[in-house]
>>> print(open('protein-v3.txt').read())   # compact mmCIF, C-alpha atoms
# COMPACT_ATOMS: atom_id res chain seq x y z
CA ALA A 137 0.00 0.00 0.00
CA ALA A 138 1.05 3.59 -0.55
CA TYR A 139 -0.43 6.30 1.66
CA ALA A 140 0.29 9.94 0.84
CA PRO A 141 -0.80 12.49 3.46
CA PRO A 142 -2.27 15.82 2.33
CA LEU A 143 0.34 18.26 1.08
CA ASN A 144 -1.18 21.02 3.22
CA GLU A 145 -2.74 19.76 6.45
CA ASP A 146 -4.72 23.00 6.78
CA GLY A 147 -6.02 23.02 3.19
CA PRO A 148 -9.71 22.82 2.31
CA ASN A 149 -9.45 19.20 1.07
CA SER A 150 -7.05 17.94 3.72
CA THR A 151 -9.70 15.87 5.53
CA LEU A 152 -10.56 13.83 2.40
CA CYS A 153 -8.71 10.62 1.62
CA VAL A 154 -9.18 9.14 -1.84
CA LEU A 155 -8.84 5.36 -1.79
CA LEU A 156 -7.87 4.11 -5.25
CA VAL A 157 -8.75 0.49 -6.04
CA HIS A 158 -7.02 -1.05 -9.07
CA PRO A 159 -8.30 -3.03 -12.07
CA TRP A 160 -8.01 -6.80 -12.30
CA ALA A 161 -4.50 -8.12 -11.77
CA VAL A 162 -4.93 -10.72 -14.51
CA LEU A 163 -5.09 -7.84 -17.00
CA GLY A 164 -2.23 -5.86 -15.47
CA GLY A 165 -4.00 -4.01 -12.68
CA ASP A 166 -2.07 -3.06 -9.57
CA MET A 167 -1.48 0.04 -7.47
CA ASN A 168 1.16 1.21 -9.97
CA ASN A 169 -1.29 1.07 -12.89
CA ARG A 170 -1.23 4.39 -14.77
CA LEU A 171 -4.88 5.09 -13.92
CA ILE A 172 -4.27 4.58 -10.21
CA VAL A 173 -1.04 6.59 -10.09
CA GLY A 174 -2.51 9.38 -12.23
CA GLY A 175 -5.64 9.51 -10.07
CA ALA A 176 -3.55 9.68 -6.91
CA GLN A 177 -1.42 12.50 -8.33
CA PHE A 178 -4.52 14.45 -9.36
CA PHE A 179 -6.16 14.22 -5.94
CA GLN A 180 -2.89 14.98 -4.18
CA SER A 181 -2.64 18.17 -6.28
CA LEU A 182 -6.07 19.13 -4.88
CA GLY A 183 -4.75 18.72 -1.34
CA CYS A 184 -6.32 15.35 -0.53
CA SER A 185 -4.54 12.41 1.02
CA THR A 186 -4.54 9.23 -1.08
CA LEU A 187 -4.24 5.53 -0.46
CA ARG A 188 -3.34 3.07 -3.21
CA ILE A 189 -3.49 -0.63 -2.43
CA ASN A 190 -2.44 -3.88 -4.05
CA PHE A 191 -4.59 -6.91 -3.52
CA ARG A 192 -2.44 -9.76 -2.20
CA GLY A 193 -2.46 -12.84 -4.37
CA TRP A 194 -2.94 -13.01 -8.10
CA GLY A 195 -5.26 -14.57 -10.60
CA MET A 196 -8.69 -16.08 -10.24
CA SER A 197 -10.53 -15.47 -6.99
CA ASN A 198 -14.08 -15.31 -5.68
CA GLY A 199 -13.35 -11.83 -4.36
CA LEU A 200 -13.64 -12.61 -0.65
CA ARG A 201 -9.93 -12.22 0.10
CA GLU A 202 -9.83 -8.92 -1.78
CA LYS A 203 -12.97 -7.68 -0.02
CA ASN A 204 -11.31 -8.25 3.36
CA GLN A 205 -8.15 -6.47 2.17
CA LEU A 206 -10.26 -3.51 1.01
CA ALA A 207 -11.99 -3.40 4.42
CA ALA A 208 -8.55 -3.22 6.04
CA ALA A 209 -7.61 -0.33 3.70
CA VAL A 210 -10.78 1.58 4.67
CA ALA A 211 -9.93 1.00 8.35
CA PHE A 212 -6.35 2.21 7.78
CA ALA A 213 -7.50 5.38 5.98
CA SER A 214 -10.03 6.00 8.76
CA SER A 215 -7.30 5.73 11.37
CA GLN A 216 -5.30 8.62 9.90
CA LYS A 217 -5.72 11.64 12.17
CA SER A 218 -6.61 14.13 9.44
CA VAL A 219 -9.10 11.89 7.60
CA THR A 220 -12.79 12.51 8.24
CA LYS A 221 -14.06 11.51 4.77
CA ILE A 222 -13.15 8.76 2.28
CA LEU A 223 -13.94 8.76 -1.43
CA VAL A 224 -13.46 5.39 -3.14
CA LEU A 225 -12.29 5.57 -6.76
CA ALA A 226 -12.46 2.03 -8.10
CA PHE A 227 -11.65 0.63 -11.51
CA SER A 228 -13.09 -2.51 -13.13
CA HIS A 229 -12.45 -5.49 -10.85
CA GLY A 230 -11.68 -3.10 -7.99
CA SER A 231 -15.14 -1.61 -8.46
CA MET A 232 -16.68 -5.06 -8.18
CA ILE A 233 -14.78 -5.71 -4.93
CA THR A 234 -15.85 -2.30 -3.59
CA HIS A 235 -19.50 -3.11 -4.28
CA MET A 236 -19.09 -6.43 -2.45
CA LEU A 237 -17.71 -4.63 0.60
CA LEU A 238 -20.21 -1.78 0.66
CA SER A 239 -23.18 -4.14 0.31
CA GLU A 240 -22.22 -6.04 3.47
CA ILE A 241 -21.24 -3.27 5.80
CA SER A 242 -23.53 -1.96 8.47
CA SER A 243 -24.01 1.78 8.30
CA ALA A 244 -23.27 1.79 12.03
CA GLU A 245 -19.64 0.81 11.45
CA GLU A 246 -17.52 3.88 12.12
CA ASP A 247 -14.95 3.27 9.38
CA VAL A 248 -17.61 2.99 6.70
CA ASN A 249 -19.44 6.07 7.93
CA LYS A 250 -16.43 7.99 6.65
CA VAL A 251 -17.06 6.73 3.09
CA VAL A 252 -18.80 9.70 1.48
CA GLY A 253 -18.84 8.55 -2.12
CA LEU A 254 -18.00 5.94 -4.74
CA CYS A 255 -16.76 6.61 -8.24
CA SER A 256 -16.87 3.39 -10.26
CA VAL A 257 -15.00 3.23 -13.56
CA ASN A 258 -15.73 0.41 -16.04
CA LEU A 259 -17.61 -1.85 -13.64
CA ALA A 260 -17.09 -5.35 -15.04
CA ARG A 261 -20.80 -6.28 -14.69
CA GLU A 262 -21.00 -8.64 -17.66
CA TRP A 263 -17.89 -10.58 -16.54
CA LEU A 264 -18.81 -11.09 -12.87
CA GLY A 265 -19.26 -14.87 -13.06
CA TRP A 266 -16.03 -15.41 -14.92
CA MET A 267 -13.99 -13.01 -12.76
CA THR A 268 -15.27 -14.51 -9.49
CA MET A 269 -15.02 -18.22 -10.21
CA GLY A 270 -18.78 -18.69 -10.60
CA LYS A 271 -19.84 -16.31 -7.80
CA GLY A 272 -21.30 -13.81 -10.28
CA GLY A 273 -24.84 -14.09 -8.88
CA GLN A 274 -23.71 -13.10 -5.38
CA VAL A 275 -21.57 -10.28 -6.69
CA GLY A 276 -24.33 -9.13 -9.03
CA LYS A 277 -26.69 -8.90 -6.06
CA ALA A 278 -24.09 -6.85 -4.17
CA VAL A 279 -23.76 -4.49 -7.15
CA ASP A 280 -27.55 -4.16 -7.39
CA ASP A 281 -27.82 -3.52 -3.64
CA VAL A 282 -25.22 -0.74 -3.69
CA MET A 283 -26.61 0.84 -6.86
CA GLY A 284 -30.10 0.88 -5.33
CA SER A 285 -28.94 2.33 -2.04
CA GLU A 286 -29.19 6.04 -1.33
CA VAL A 287 -26.76 5.91 1.60
CA ILE A 288 -23.61 6.64 -0.40
CA PRO A 289 -23.57 8.92 -3.47
CA LYS A 290 -22.26 7.11 -6.54
CA LEU A 291 -20.94 8.05 -9.96
CA TYR A 292 -20.60 5.39 -12.66
CA LEU A 293 -18.28 6.01 -15.61
CA GLN A 294 -18.24 3.50 -18.45
CA SER A 295 -15.88 3.74 -21.41
CA GLY A 296 -17.24 3.57 -24.90
CA SER A 297 -13.94 2.44 -26.40
CA ASP A 298 -12.83 -0.31 -24.02
CA SER A 299 -12.81 -3.66 -25.84
CA PHE A 300 -13.23 -5.68 -22.63
CA TYR A 301 -16.27 -3.83 -21.20
CA ARG A 302 -18.99 -2.89 -23.62
CA ARG A 303 -20.86 0.29 -22.75
CA GLU A 304 -24.00 -1.00 -24.48
CA LYS A 305 -24.19 -3.93 -22.05
CA PHE A 306 -23.79 -1.59 -19.09
CA LEU A 307 -26.55 0.71 -20.37
CA CYS A 308 -28.89 -2.26 -20.96
CA TRP A 309 -28.20 -3.46 -17.44
CA LEU A 310 -29.15 -0.03 -16.05
CA GLY A 311 -32.48 -0.34 -17.85
>>> encode(input="protein-v3.txt", output="structure tokens")
Amino acid sequence: AAYAPPLNEDGPNSTLCVLLVHPWAVLGGDMNNRLIVGGAQFFQSLGCSTLRINFRGWGMSNGLREKNQLAAAVAFASSQKSVTKILVLAFSHGSMITHMLLSEISSAEEDVNKVVGLCSVNLAREWLGWMTMGKGGQVGKAVDDVMGSEVIPKLYLQSGSDSFYRREKFLCWLG
């Protein structure tokens, strides 16, 4: 993991930590992925702290190990003295794992109460079963639960030019 504290502890964005969750490792995703590093640099330039994580392990998984690692990252960010708010910026597989975590957490849990928003980029909705070793139904329910919830504001960004995730499928899924 790589935590970067705010550049100016008295700045207007110094209480926000942006947690960046990487794309699928099988396709080259890790905390040093250009999207993750670029996102961290952008939010650091705005005066936010950032946390980039690597999921331990590699390859096929049902997502449970990663979900627990993400919960630990949320707890770590929450434990930083300046952090009062957490924004999760999650890409692809990382977005799927984030939905799994957010769907299971009680709103009474202090760490999660600091999560003030989710930005999901290229949610791998059509590949859930394949990416989770047949657990796609459970993960799909978690995605539906989080999308239907009004507790945490969400922004979904879906590329129109990504050959792995088709925007048309995402739009059909939204209804």
>>> residues_near_point(input="protein-v3.txt", point="(-18.7, -5.8, -9.0)", cutoff="6 Å", atoms="only C-alpha atoms", output="PyMOL selection string")
chain A and resi 231-233+235+275+279
>>> residues_near_point(input="protein-v3.txt", point="(-13.1, 13.2, 7.2)", cutoff="7 Å", atoms="only C-alpha atoms", output="number ranges by chain")
A: 151-152, 218-222, 250
>>> residues_around(input="protein-v3.txt", residues="range 251-258 of chain A", least_positions_apart="3", cutoff="8 Å", atoms="only C-alpha atoms", output="ChimeraX atom specification")
/A:221-228,231,247-248,288-295,301
>>> atom_distance(input="protein-v3.txt", atom1="CA of Pro148 in chain A", atom2="CA of Ile241 in chain A")
28.7 Å
>>> closest_residue(input="protein-v3.txt", among="A:Asn249, A:Gly183, A:Glu240, A:Arg188", to="Asn169 in chain A", atoms="all atoms listed in the file")
A:Arg188
>>> residues_around(input="protein-v3.txt", residues="Asn144 in chain A", least_positions_apart="2", cutoff="10 Å", atoms="all atoms listed in the file", output="PDB file with C-alpha atoms, in the coordinates of the input")
ATOM      1  CA  PRO A 141      -0.800  12.490   3.460  1.00  0.00           C
ATOM      2  CA  PRO A 142      -2.270  15.820   2.330  1.00  0.00           C
ATOM      3  CA  ASP A 146      -4.720  23.000   6.780  1.00  0.00           C
ATOM      4  CA  GLY A 147      -6.020  23.020   3.190  1.00  0.00           C
ATOM      5  CA  PRO A 148      -9.710  22.820   2.310  1.00  0.00           C
ATOM      6  CA  ASN A 149      -9.450  19.200   1.070  1.00  0.00           C
ATOM      7  CA  SER A 150      -7.050  17.940   3.720  1.00  0.00           C
ATOM      8  CA  GLN A 180      -2.890  14.980  -4.180  1.00  0.00           C
ATOM      9  CA  LEU A 182      -6.070  19.130  -4.880  1.00  0.00           C
ATOM     10  CA  GLY A 183      -4.750  18.720  -1.340  1.00  0.00           C
ATOM     11  CA  CYS A 184      -6.320  15.350  -0.530  1.00  0.00           C
ATOM     12  CA  SER A 185      -4.540  12.410   1.020  1.00  0.00           C
TER      13      SER A 185
END
>>> atom_distance(input="protein-v3.txt", atom1="CA of Met236 in chain A", atom2="CA of Ala137 in chain A")
20.3 Å
>>> atom_distance(input="protein-v3.txt", atom1="CA of Trp160 in chain A", atom2="CA of Gln205 in chain A")
14.5 Å
>>> closest_residue(input="protein-v3.txt", among="A:Ala278, A:Cys153, A:Ile189, A:Ala140", to="Gly165 in chain A", atoms="all atoms listed in the file")
A:Ile189
>>> closest_residue(input="protein-v3.txt", among="A:Lys203, A:Ala209, A:Asp166, A:Leu259", to="Val154 in chain A", atoms="all atoms listed in the file")
A:Ala209
>>> residues_around(input="protein-v3.txt", residues="Asn168 in chain A", least_positions_apart="5", cutoff="10 Å", atoms="all atoms listed in the file", output="ChimeraX atom specification")
/A:138,158,173-174,188-190
